[in-house]
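What follows is the content of work-v1.cif (mmCIF, C-alpha atoms).
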data_upload
#
loop_
_atom_site.group_PDB
_atom_site.id
_atom_site.type_symbol
_atom_site.label_atom_id
_atom_site.label_comp_id
_atom_site.auth_asym_id
_atom_site.auth_seq_id
_atom_site.Cartn_x
_atom_site.Cartn_y
_atom_site.Cartn_z
ATOM 1 C CA MET A 1 -66.915 55.409 60.604
ATOM 2 C CA ARG A 2 -65.377 56.650 63.854
ATOM 3 C CA ILE A 3 -67.455 58.438 66.507
ATOM 4 C CA GLY A 4 -66.300 61.214 68.793
ATOM 5 C CA LEU A 5 -68.633 61.681 71.770
ATOM 6 C CA VAL A 6 -68.619 64.865 73.860
ATOM 7 C CA SER A 7 -70.487 64.699 77.179
ATOM 8 C CA ASN A 8 -71.291 67.876 79.078
ATOM 9 C CA GLY A 9 -70.633 66.664 82.606
ATOM 10 C CA LEU A 10 -72.484 69.648 84.068
ATOM 11 C CA SER A 11 -75.758 69.079 82.201
ATOM 12 C CA ARG A 12 -78.696 67.882 84.234
ATOM 13 C CA ARG A 13 -79.057 64.252 83.155
ATOM 14 C CA ASN A 14 -75.302 63.714 83.005
ATOM 15 C CA ARG A 15 -74.903 64.957 86.570
ATOM 16 C CA ARG A 16 -77.289 62.203 87.639
ATOM 17 C CA SER A 17 -75.371 59.444 85.867
ATOM 18 C CA LEU A 18 -72.925 58.883 83.049
ATOM 19 C CA ASP A 19 -72.295 55.219 83.841
ATOM 20 C CA ALA A 20 -74.198 53.713 80.883
ATOM 21 C CA VAL A 21 -72.607 56.109 78.393
ATOM 22 C CA ARG A 22 -69.118 55.472 79.803
ATOM 23 C CA GLN A 23 -69.623 51.700 79.597
ATOM 24 C CA ILE A 24 -70.687 51.798 75.951
ATOM 25 C CA ALA A 25 -67.645 53.936 75.141
ATOM 26 C CA GLU A 26 -65.310 51.536 76.957
ATOM 27 C CA ASP A 27 -66.758 48.574 75.045
ATOM 28 C CA ASN A 28 -66.307 50.220 71.621
ATOM 29 C CA PRO A 29 -62.716 51.125 70.670
ATOM 30 C CA ARG A 30 -63.875 53.132 67.641
ATOM 31 C CA LEU A 31 -65.773 55.493 69.940
ATOM 32 C CA THR A 32 -63.735 58.267 71.590
ATOM 33 C CA HIS A 33 -65.488 59.721 74.664
ATOM 34 C CA VAL A 34 -64.559 63.032 76.312
ATOM 35 C CA VAL A 35 -66.329 64.451 79.375
ATOM 36 C CA LEU A 36 -66.127 68.230 79.783
ATOM 37 C CA ASP A 37 -67.110 70.699 82.473
ATOM 38 C CA GLY A 38 -69.703 72.604 80.452
ATOM 39 C CA VAL A 39 -68.105 73.586 77.155
ATOM 40 C CA THR A 40 -64.645 74.330 78.584
ATOM 41 C CA GLY A 41 -62.135 72.525 76.396
ATOM 42 C CA LEU A 42 -64.624 71.941 73.572
ATOM 43 C CA GLU A 43 -62.499 73.634 70.909
ATOM 44 C CA ALA A 44 -59.464 71.462 71.727
ATOM 45 C CA THR A 45 -61.655 68.342 71.842
ATOM 46 C CA LEU A 46 -63.059 68.965 68.368
ATOM 47 C CA ALA A 47 -59.553 69.656 67.042
ATOM 48 C CA ASP A 48 -58.469 66.249 68.411
ATOM 49 C CA PHE A 49 -61.500 64.615 66.789
ATOM 50 C CA ALA A 50 -60.524 66.155 63.453
ATOM 51 C CA ARG A 51 -56.956 64.808 63.771
ATOM 52 C CA ARG A 52 -58.414 61.351 64.431
ATOM 53 C CA GLU A 53 -60.528 61.697 61.244
ATOM 54 C CA ILE A 54 -63.733 61.191 63.180
ATOM 55 C CA GLY A 55 -66.810 61.243 60.944
ATOM 56 C CA ILE A 56 -69.581 61.590 63.545
ATOM 57 C CA VAL A 57 -69.519 64.070 66.410
ATOM 58 C CA ALA A 58 -72.037 62.967 69.047
ATOM 59 C CA VAL A 59 -73.176 65.506 71.646
ATOM 60 C CA ASN A 60 -74.414 64.276 75.008
ATOM 61 C CA GLY A 61 -75.950 67.401 76.503
ATOM 62 C CA GLY A 62 -78.736 69.935 76.205
ATOM 63 C CA ASP A 63 -79.569 72.557 73.600
ATOM 64 C CA GLY A 64 -76.760 74.860 74.760
ATOM 65 C CA SER A 65 -74.162 72.125 74.272
ATOM 66 C CA VAL A 66 -75.416 71.458 70.738
ATOM 67 C CA GLN A 67 -75.311 75.175 69.951
ATOM 68 C CA ALA A 68 -71.690 75.424 71.133
ATOM 69 C CA VAL A 69 -70.663 72.470 68.953
ATOM 70 C CA LEU A 70 -72.457 73.824 65.869
ATOM 71 C CA THR A 71 -70.834 77.238 66.302
ATOM 72 C CA LEU A 72 -67.359 75.690 66.332
ATOM 73 C CA LEU A 73 -68.046 73.254 63.493
ATOM 74 C CA LEU A 74 -69.441 75.927 61.176
ATOM 75 C CA GLY A 75 -67.249 78.845 62.274
ATOM 76 C CA PRO A 76 -64.113 80.167 60.539
ATOM 77 C CA THR A 77 -61.762 78.271 62.900
ATOM 78 C CA SER A 78 -63.409 74.862 62.496
ATOM 79 C CA PRO A 79 -60.788 72.095 62.531
ATOM 80 C CA PHE A 80 -62.859 70.051 60.071
ATOM 81 C CA PRO A 81 -62.404 70.875 56.362
ATOM 82 C CA VAL A 82 -65.937 69.535 55.851
ATOM 83 C CA PRO A 83 -68.424 69.478 58.760
ATOM 84 C CA PRO A 84 -68.860 65.958 60.165
ATOM 85 C CA LEU A 85 -72.193 64.345 60.846
ATOM 86 C CA VAL A 86 -73.762 65.312 64.187
ATOM 87 C CA ALA A 87 -75.677 63.003 66.533
ATOM 88 C CA ILE A 88 -77.506 64.332 69.608
ATOM 89 C CA LEU A 89 -78.114 62.454 72.855
ATOM 90 C CA PRO A 90 -80.651 64.132 75.187
ATOM 91 C CA GLY A 91 -78.426 64.843 78.194
ATOM 92 C CA GLY A 92 -79.552 68.311 79.245
ATOM 93 C CA THR A 93 -82.340 70.038 81.080
ATOM 94 C CA THR A 94 -83.823 71.273 77.807
ATOM 95 C CA ASN A 95 -83.538 68.991 74.774
ATOM 96 C CA MET A 96 -85.739 70.646 72.156
ATOM 97 C CA THR A 97 -83.176 70.235 69.369
ATOM 98 C CA GLY A 98 -82.527 66.623 70.324
ATOM 99 C CA ALA A 99 -86.237 65.832 70.405
ATOM 100 C CA ASP A 100 -86.638 67.073 66.836
ATOM 101 C CA ILE A 101 -83.456 65.874 65.166
ATOM 102 C CA GLY A 102 -81.566 63.735 67.696
ATOM 103 C CA LEU A 103 -81.194 60.050 68.511
ATOM 104 C CA ARG A 104 -84.340 58.323 69.769
ATOM 105 C CA GLY A 105 -84.745 56.131 72.825
ATOM 106 C CA GLY A 106 -82.714 58.015 75.413
ATOM 107 C CA ARG A 107 -78.967 58.234 75.829
ATOM 108 C CA ARG A 108 -78.120 54.541 76.252
ATOM 109 C CA ARG A 109 -80.349 53.099 73.528
ATOM 110 C CA GLY A 110 -79.622 55.986 71.189
ATOM 111 C CA LEU A 111 -75.858 55.598 71.551
ATOM 112 C CA GLU A 112 -76.083 51.827 71.096
ATOM 113 C CA LYS A 113 -78.002 52.284 67.837
ATOM 114 C CA LEU A 114 -75.469 54.860 66.656
ATOM 115 C CA VAL A 115 -72.530 52.537 67.366
ATOM 116 C CA ARG A 116 -74.180 49.685 65.465
ATOM 117 C CA ALA A 117 -75.034 51.879 62.474
ATOM 118 C CA ALA A 118 -71.499 53.291 62.330
ATOM 119 C CA ALA A 119 -70.078 49.746 62.436
ATOM 120 C CA ASP A 120 -72.306 48.203 59.765
ATOM 121 C CA GLY A 121 -72.265 51.171 57.395
ATOM 122 C CA THR A 122 -75.968 52.034 57.597
ATOM 123 C CA VAL A 123 -75.554 55.534 59.068
ATOM 124 C CA ALA A 124 -76.036 57.265 55.712
ATOM 125 C CA ALA A 125 -79.619 55.998 55.458
ATOM 126 C CA SER A 126 -80.544 57.801 58.686
ATOM 127 C CA VAL A 127 -78.990 61.223 57.964
ATOM 128 C CA GLN A 128 -81.269 64.249 57.736
ATOM 129 C CA HIS A 129 -79.784 67.499 56.437
ATOM 130 C CA ARG A 130 -81.112 70.579 58.191
ATOM 131 C CA HIS A 131 -80.426 74.275 57.816
ATOM 132 C CA VAL A 132 -78.888 76.063 60.784
ATOM 133 C CA VAL A 133 -79.681 79.576 62.041
ATOM 134 C CA GLY A 134 -76.718 81.965 61.894
ATOM 135 C CA VAL A 135 -76.749 84.921 64.305
ATOM 136 C CA ASP A 136 -74.585 87.930 63.431
ATOM 137 C CA ARG A 137 -74.444 90.520 66.237
ATOM 138 C CA GLY A 138 -72.966 93.092 63.837
ATOM 139 C CA ILE A 139 -69.933 93.962 65.967
ATOM 140 C CA GLY A 140 -67.230 91.984 64.180
ATOM 141 C CA GLU A 141 -67.543 88.814 66.242
ATOM 142 C CA PRO A 142 -67.830 85.389 64.568
ATOM 143 C CA VAL A 143 -71.358 84.317 63.661
ATOM 144 C CA GLN A 144 -73.049 82.073 66.227
ATOM 145 C CA TYR A 145 -74.919 79.002 64.981
ATOM 146 C CA GLY A 146 -77.900 77.198 66.456
ATOM 147 C CA MET A 147 -81.378 75.892 65.768
ATOM 148 C CA PHE A 148 -83.707 78.178 67.735
ATOM 149 C CA PHE A 149 -83.646 81.954 68.238
ATOM 150 C CA GLY A 150 -86.133 83.785 70.435
ATOM 151 C CA THR A 151 -86.556 87.219 71.952
ATOM 152 C CA ALA A 152 -88.972 89.396 73.936
ATOM 153 C CA GLY A 153 -91.380 87.128 75.858
ATOM 154 C CA ILE A 154 -89.418 84.018 74.868
ATOM 155 C CA CYS A 155 -86.525 85.058 77.115
ATOM 156 C CA ARG A 156 -88.913 85.938 79.940
ATOM 157 C CA ALA A 157 -90.591 82.533 79.617
ATOM 158 C CA ILE A 158 -87.188 80.840 79.911
ATOM 159 C CA ASP A 159 -86.491 82.838 83.074
ATOM 160 C CA TYR A 160 -89.943 81.939 84.435
ATOM 161 C CA CYS A 161 -89.282 78.243 83.744
ATOM 162 C CA ARG A 162 -85.894 78.312 85.460
ATOM 163 C CA ARG A 163 -87.304 80.079 88.524
ATOM 164 C CA THR A 164 -90.538 78.151 88.977
ATOM 165 C CA VAL A 165 -90.348 74.774 87.191
ATOM 166 C CA HIS A 166 -86.707 73.632 87.092
ATOM 167 C CA PRO A 167 -86.487 73.537 90.926
ATOM 168 C CA LEU A 168 -89.121 70.765 90.816
ATOM 169 C CA HIS A 169 -86.560 68.470 89.111
ATOM 170 C CA VAL A 170 -89.074 66.951 86.721
ATOM 171 C CA ASP A 171 -88.561 65.452 83.259
ATOM 172 C CA SER A 172 -88.053 67.922 80.407
ATOM 173 C CA GLY A 173 -91.391 66.958 78.824
ATOM 174 C CA ILE A 174 -93.240 67.680 82.059
ATOM 175 C CA THR A 175 -91.230 70.897 82.390
ATOM 176 C CA SER A 176 -92.601 72.078 79.047
ATOM 177 C CA VAL A 177 -96.181 71.231 80.033
ATOM 178 C CA LEU A 178 -95.919 73.031 83.377
ATOM 179 C CA THR A 179 -94.274 76.101 81.834
ATOM 180 C CA VAL A 180 -96.836 76.559 79.058
ATOM 181 C CA ALA A 181 -99.769 75.805 81.377
ATOM 182 C CA GLY A 182 -98.499 78.195 84.028
ATOM 183 C CA LEU A 183 -97.994 81.056 81.594
ATOM 184 C CA LEU A 184 -101.359 80.605 79.882
ATOM 185 C CA ALA A 185 -103.153 80.345 83.223
ATOM 186 C CA ARG A 186 -101.871 83.709 84.366
ATOM 187 C CA SER A 187 -102.198 85.545 81.025
ATOM 188 C CA PRO A 188 -105.866 86.582 81.447
ATOM 189 C CA PHE A 189 -105.052 88.035 84.867
ATOM 190 C CA ARG A 190 -101.940 90.002 83.982
ATOM 191 C CA ARG A 191 -101.572 93.378 85.627
ATOM 192 C CA GLY A 192 -99.173 96.291 85.351
ATOM 193 C CA GLY A 193 -95.696 95.317 86.491
ATOM 194 C CA ASP A 194 -95.988 91.690 85.343
ATOM 195 C CA THR A 195 -92.506 90.252 84.779
ATOM 196 C CA VAL A 196 -93.537 88.205 81.732
ATOM 197 C CA PHE A 197 -96.507 89.829 80.022
ATOM 198 C CA TYR A 198 -95.453 93.044 78.342
ATOM 199 C CA GLY A 199 -94.178 94.117 74.939
ATOM 200 C CA ASP A 200 -90.790 95.132 73.528
ATOM 201 C CA ARG A 201 -90.325 97.572 70.680
ATOM 202 C CA ILE A 202 -88.647 95.676 67.829
ATOM 203 C CA GLY A 203 -87.917 96.612 64.219
ATOM 204 C CA VAL A 204 -87.994 93.738 61.725
ATOM 205 C CA SER A 205 -86.991 93.537 58.071
ATOM 206 C CA PHE A 206 -87.037 90.478 55.831
ATOM 207 C CA ASP A 207 -84.531 89.797 53.033
ATOM 208 C CA GLY A 208 -83.464 93.432 52.754
ATOM 209 C CA GLY A 209 -87.011 94.813 52.666
ATOM 210 C CA PRO A 210 -88.392 97.780 54.602
ATOM 211 C CA GLU A 211 -88.286 97.716 58.383
ATOM 212 C CA ARG A 212 -91.516 97.440 60.334
ATOM 213 C CA VAL A 213 -91.485 98.559 63.953
ATOM 214 C CA GLY A 214 -93.990 97.491 66.569
ATOM 215 C CA GLU A 215 -94.586 96.330 70.108
ATOM 216 C CA THR A 216 -93.809 92.615 70.215
ATOM 217 C CA PHE A 217 -94.847 90.101 72.863
ATOM 218 C CA LEU A 218 -92.767 87.219 71.510
ATOM 219 C CA LEU A 219 -90.666 86.472 68.434
ATOM 220 C CA MET A 220 -89.010 83.255 67.312
ATOM 221 C CA VAL A 221 -86.919 82.072 64.367
ATOM 222 C CA THR A 222 -85.956 78.433 63.885
ATOM 223 C CA THR A 223 -85.093 75.702 61.417
ATOM 224 C CA LEU A 224 -86.532 72.950 63.610
ATOM 225 C CA GLU A 225 -89.636 71.096 62.465
ATOM 226 C CA ARG A 226 -91.113 70.764 65.966
ATOM 227 C CA LEU A 227 -90.686 72.706 69.195
ATOM 228 C CA ILE A 228 -91.756 71.974 72.787
ATOM 229 C CA LEU A 229 -94.767 69.674 73.180
ATOM 230 C CA ARG A 230 -94.305 68.691 69.508
ATOM 231 C CA SER A 231 -95.771 72.057 68.551
ATOM 232 C CA ARG A 232 -95.393 73.571 65.111
ATOM 233 C CA PRO A 233 -96.127 77.304 65.426
ATOM 234 C CA PHE A 234 -95.375 78.072 61.783
ATOM 235 C CA TRP A 235 -97.649 78.827 58.859
ATOM 236 C CA GLY A 236 -97.829 81.173 55.897
ATOM 237 C CA GLY A 237 -96.085 78.999 53.319
ATOM 238 C CA GLY A 238 -92.822 79.682 51.518
ATOM 239 C CA SER A 239 -89.650 77.645 51.105
ATOM 240 C CA ALA A 240 -86.908 79.869 52.586
ATOM 241 C CA PRO A 241 -84.941 78.143 55.381
ATOM 242 C CA LEU A 242 -85.751 80.409 58.355
ATOM 243 C CA ARG A 243 -89.164 79.988 59.987
ATOM 244 C CA TYR A 244 -90.325 83.220 61.621
ATOM 245 C CA THR A 245 -93.290 83.690 63.971
ATOM 246 C CA SER A 246 -94.172 86.711 66.096
ATOM 247 C CA VAL A 247 -97.021 87.770 68.360
ATOM 248 C CA ALA A 248 -97.716 91.470 68.757
ATOM 249 C CA TRP A 249 -98.441 93.215 72.034
ATOM 250 C CA PRO A 250 -101.064 93.045 73.383
ATOM 251 C CA PRO A 251 -101.618 89.406 72.320
ATOM 252 C CA ARG A 252 -105.314 89.295 71.409
ATOM 253 C CA ARG A 253 -107.154 86.289 72.909
ATOM 254 C CA LEU A 254 -103.890 84.477 73.564
ATOM 255 C CA SER A 255 -105.249 81.906 76.019
ATOM 256 C CA PHE A 256 -108.078 80.973 73.645
ATOM 257 C CA LEU A 257 -105.972 80.969 70.463
ATOM 258 C CA ALA A 258 -102.834 79.291 71.865
ATOM 259 C CA PRO A 259 -103.749 75.774 70.599
ATOM 260 C CA ARG A 260 -104.337 77.185 67.129
ATOM 261 C CA VAL A 261 -101.006 79.042 67.216
ATOM 262 C CA MET A 262 -99.089 75.966 68.354
ATOM 263 C CA TYR A 263 -100.758 73.380 66.127
ATOM 264 C CA GLY A 264 -102.561 73.363 62.826
ATOM 265 C CA GLY A 265 -102.104 73.820 59.115
ATOM 266 C CA GLU A 266 -101.224 76.668 56.816
ATOM 267 C CA ASN A 267 -104.552 78.497 57.271
ATOM 268 C CA ARG A 268 -105.111 78.961 60.992
ATOM 269 C CA LYS A 269 -107.601 81.846 60.945
ATOM 270 C CA LEU A 270 -105.685 84.043 63.374
ATOM 271 C CA PRO A 271 -105.868 87.855 63.667
ATOM 272 C CA ALA A 272 -103.259 88.863 61.077
ATOM 273 C CA GLU A 273 -102.376 92.119 62.837
ATOM 274 C CA THR A 274 -101.326 90.161 65.948
ATOM 275 C CA TYR A 275 -100.083 86.752 64.768
ATOM 276 C CA VAL A 276 -97.512 86.702 61.941
ATOM 277 C CA SER A 277 -95.688 83.708 60.493
ATOM 278 C CA ARG A 278 -93.598 83.461 57.342
ATOM 279 C CA ARG A 279 -90.279 82.271 55.933
ATOM 280 C CA ALA A 280 -87.170 84.223 54.984
ATOM 281 C CA SER A 281 -83.480 83.790 54.203
ATOM 282 C CA ARG A 282 -82.299 86.845 56.132
ATOM 283 C CA ILE A 283 -83.970 88.698 59.007
ATOM 284 C CA ALA A 284 -82.650 91.903 60.598
ATOM 285 C CA LEU A 285 -83.868 92.770 64.110
ATOM 286 C CA ARG A 286 -83.357 96.143 65.779
ATOM 287 C CA MET A 287 -84.045 95.766 69.481
ATOM 288 C CA ASP A 288 -82.802 96.473 72.994
ATOM 289 C CA CYS A 289 -84.167 93.354 74.722
ATOM 290 C CA PRO A 290 -82.053 90.202 75.209
ATOM 291 C CA TYR A 291 -82.335 87.194 72.927
ATOM 292 C CA THR A 292 -81.800 83.472 73.311
ATOM 293 C CA LEU A 293 -80.015 81.066 71.018
ATOM 294 C CA ASP A 294 -80.846 77.496 72.050
ATOM 295 C CA GLY A 295 -81.454 78.452 75.665
ATOM 296 C CA GLU A 296 -78.361 80.637 76.137
ATOM 297 C CA ILE A 297 -79.163 84.314 76.781
ATOM 298 C CA PHE A 298 -77.322 87.133 74.993
ATOM 299 C CA GLN A 299 -77.606 90.933 74.973
ATOM 300 C CA PRO A 300 -77.551 92.775 71.623
ATOM 301 C CA ALA A 301 -75.051 95.580 71.153
ATOM 302 C CA PRO A 302 -76.706 99.007 71.651
ATOM 303 C CA GLY A 303 -77.996 100.459 68.393
ATOM 304 C CA VAL A 304 -76.708 97.554 66.254
ATOM 305 C CA PRO A 305 -79.197 95.248 64.505
ATOM 306 C CA VAL A 306 -78.949 91.498 65.062
ATOM 307 C CA THR A 307 -79.048 89.684 61.708
ATOM 308 C CA LEU A 308 -80.333 86.136 61.351
ATOM 309 C CA LEU A 309 -79.204 84.288 58.272
ATOM 310 C CA ASP A 310 -79.105 80.879 56.662
ATOM 311 C CA GLY A 311 -76.113 79.254 58.322
ATOM 312 C CA GLY A 312 -75.839 76.387 55.866
ATOM 313 C CA THR A 313 -76.694 72.744 56.501
ATOM 314 C CA ILE A 314 -75.552 70.010 58.869
ATOM 315 C CA GLY A 315 -76.215 66.287 58.498
ATOM 316 C CA PHE A 316 -77.888 64.999 61.671
ATOM 317 C CA VAL A 317 -78.058 61.281 62.419
ATOM 318 C CA ARG A 318 -81.685 60.443 63.247
ATOM 319 C CA LEU A 319 -81.983 56.857 64.510
#
Can the structure from this file be put into structure tokens for me?
Amino acid sequence: MRIGLVSNGLSRRNRRSLDAVRQIAEDNPRLTHVVLDGVTGLEATLADFARREIGIVAVNGGDGSVQAVLTLLLGPTSPFPVPPLVAILPGGTTNMTGADIGLRGGRRRGLEKLVRAAADGTVAASVQHRHVVGVDRGIGEPVQYGMFFGTAGICRAIDYCRRTVHPLHVDSGITSVLTVAGLLARSPFRRGGDTVFYGDRIGVSFDGGPERVGETFLLMVTTLERLILRSRPFWGGGSAPLRYTSVAWPPRRLSFLAPRVMYGGENRKLPAETYVSRRASRIALRMDCPYTLDGEIFQPAPGVPVTLLDGGTIGFVRL
């Protein structure tokens, strides 16, 4: 099985060094390696991979790079008649998707394992099929595809992380620890005018049901099993593909209850009027605040609901 590897040359880890990845590609003629500036040229690269009948598209980048690849592979102009397998190397600043469903052992070891498995025919045993989140902005544009959607305080937390933690140039795992710790430490002392701690008015409806409107502190929808710090902030049962969790404003006892929100089982004994988690196949959101899809920030069209839907499945190579 042939491998097509796309490296985002502008992502954080790849800016430091691409030497090991380049060397592995040079030593393996069945591996085609393309280095891009961001995602410029990605559509043409994937079209070339399809012409070469490549069966595994490997992405060496962060969450935004993976999101861009998924959107092209699952969109109406995909050059692949059937989506190829996807393998993720953690090459970005934020690698939440890669940590959950990507190659293990870092970029070099992960790519070496992938090359061996593709050569000896054992890739199929390591494939995990996961649902993807589709995001329809409702304005006639193609659906975007990714693994994690967030809005309200999620976007403000991303901005906080980029302003206060990313300049420290620490590992992504430490970045997550510092971001969560910093936000929780300041939450009991929030005051009027805080740039992170406030609510947004959002209307939510599940699977065509009635809309419920309320002040929301944070809201997330994902198909990942684990998020930052190996957290699993999902409960409430169900089998639909989209995992939804929201925290109302004001977030009652957030600092005290945060460990219970992030970790635990199906019955977490949280205030039901503040902490909501469930599954759905289709979620419509009416809001004015920006949203994020795998770390990239977008603005909803005024007065038009954003609809989250089951975007189908992709086979991820998990070695």
message = For the PyMOL selection byres ((chain A and resi 311) around 6), applied here, can you spell out every residue it catches as a PyMOL selection string?
response = chain A and resi 132-134+309-310+312
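The coordinates place atom CA of A:Ser277 at 5.5 Å from atom CA of A:Trp235.
Close contacts of stretch 76-88 of chain A, defined as residues with an atom at most 6 Å away when counting all atoms listed in the file, with chain neighbours fewer than 3 positions off set aside, comprise Ala47, Ala50, Gly55, Ile56, Val57, Ala58, Val59, Leu72, Leu73, Gly98, Gly102, Leu103, Gly315, Phe316 and Val317 of chain A.
Applied to the shown file, the PyMOL selection byres ((chain A and resi 262) around 10) selects the residues Arg226, Leu227, Ile228, Leu229, Arg230, Ser231, Arg232, Pro233, Phe234, Leu257, Ala258, Pro259, Arg260, Val261, Tyr263, Gly264, Gly265 and Arg268 of chain A.
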message = So, with all atoms listed in the file as the atoms that count, which of A:Asp159, A:Glu225, A:Asp27, A:Glu53 lies closest to A:Ala99?
response = A:Glu225
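The coordinates place atom CA of A:Gly38 at 14.9 Å from atom CA of A:Thr71.
Distance check against A:Val196 using all atoms listed in the file: of A:Thr313, A:Gly61, A:Leu285, A:Ala157, the minimum falls on A:Ala157.
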message = What would the selection look like, as a PyMOL selection string, if the PyMOL selection byres ((chain A and resi 114-124) around 8) were run on the coordinates I just shared?
response = chain A and resi 1-3+28+31+103+110-113+125-127+317+319
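Nearest to A:Leu270 of all the residues A:Arg130, A:Arg162, A:Arg253, A:Arg286 is A:Arg253, counting all atoms listed in the file.
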First collect every listed atom of stretch 149-163 of chain A; then fit an axis-aligned box around them, widen it by 3 Å on each side, and give centre and edge lengths in Å to one decimal, as lines of an AutoDock Vina configuration file.
center_x = -87.5
center_y = 83.8
center_z = 78.4
size_x = 13.7
size_y = 17.2
size_z = 26.3
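Nearest to A:Ile283 of all the residues A:Asp19, A:Glu215, A:Asp207, A:Glu141 is A:Asp207, based on only C-alpha atoms.
The protein and nucleic acid residues lying at most 8 Å from A:Leu224 are Thr97, Asp100, Ile101, Met147, Phe148, Thr222, Arg226 and Leu227 of chain A, with only C-alpha atoms considered and sequence neighbours fewer than 2 positions away removed.
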ask   = Near A:Gly106, counting all atoms listed in the file, which residues have an atom at most 7 Å away, once you skip same-chain residues fewer than 2 positions from it, shown as JSON, numbers by chain?
value = {"A": [89, 90, 104, 108, 109, 110]}
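Between atom CA of A:Arg22 and atom CA of A:Leu70 the interatomic distance comes to 23.3 Å.
Nearest-residue note for A:Gly4: choosing from A:Gln144, A:Ser17, A:Gln23, A:Thr32, the minimum distance belongs to A:Thr32, counting only C-alpha atoms.
Minimum atom-to-atom distances from A:Leu293, A:Val69, A:Leu5, A:Ala20 to A:Ile314 were compared using only C-alpha atoms, and the lowest value belongs to A:Val69.
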request  = Identify, on the basis of all atoms listed in the file, every residue whose closest approach to A:Ser239 does not exceed 10 Å; exclude the query and any residue fewer than 4 positions from it along the same chain; express the result as a ChimeraX atom specification.
outcome  = /A:243,278-281
For the residues in the current selection, export C-alpha atoms as a PDB file, in the coordinates of the input.
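Once everything was written out, this is selection23.pdb:
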ATOM      1  CA  ARG A 243     -89.164  79.988  59.987  1.00  0.00           C
ATOM      2  CA  ARG A 278     -93.598  83.461  57.342  1.00  0.00           C
ATOM      3  CA  ARG A 279     -90.279  82.271  55.933  1.00  0.00           C
ATOM      4  CA  ALA A 280     -87.170  84.223  54.984  1.00  0.00           C
ATOM      5  CA  SER A 281     -83.480  83.790  54.203  1.00  0.00           C
TER       6      SER A 281
END
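Near A:Ser246, within 7 Å and counting only C-alpha atoms, sit Leu218, Leu219, Met220, Tyr244, Ala248, Tyr275, Val276 and Ser277 of chain A, not including residues fewer than 2 positions from it in the same chain.
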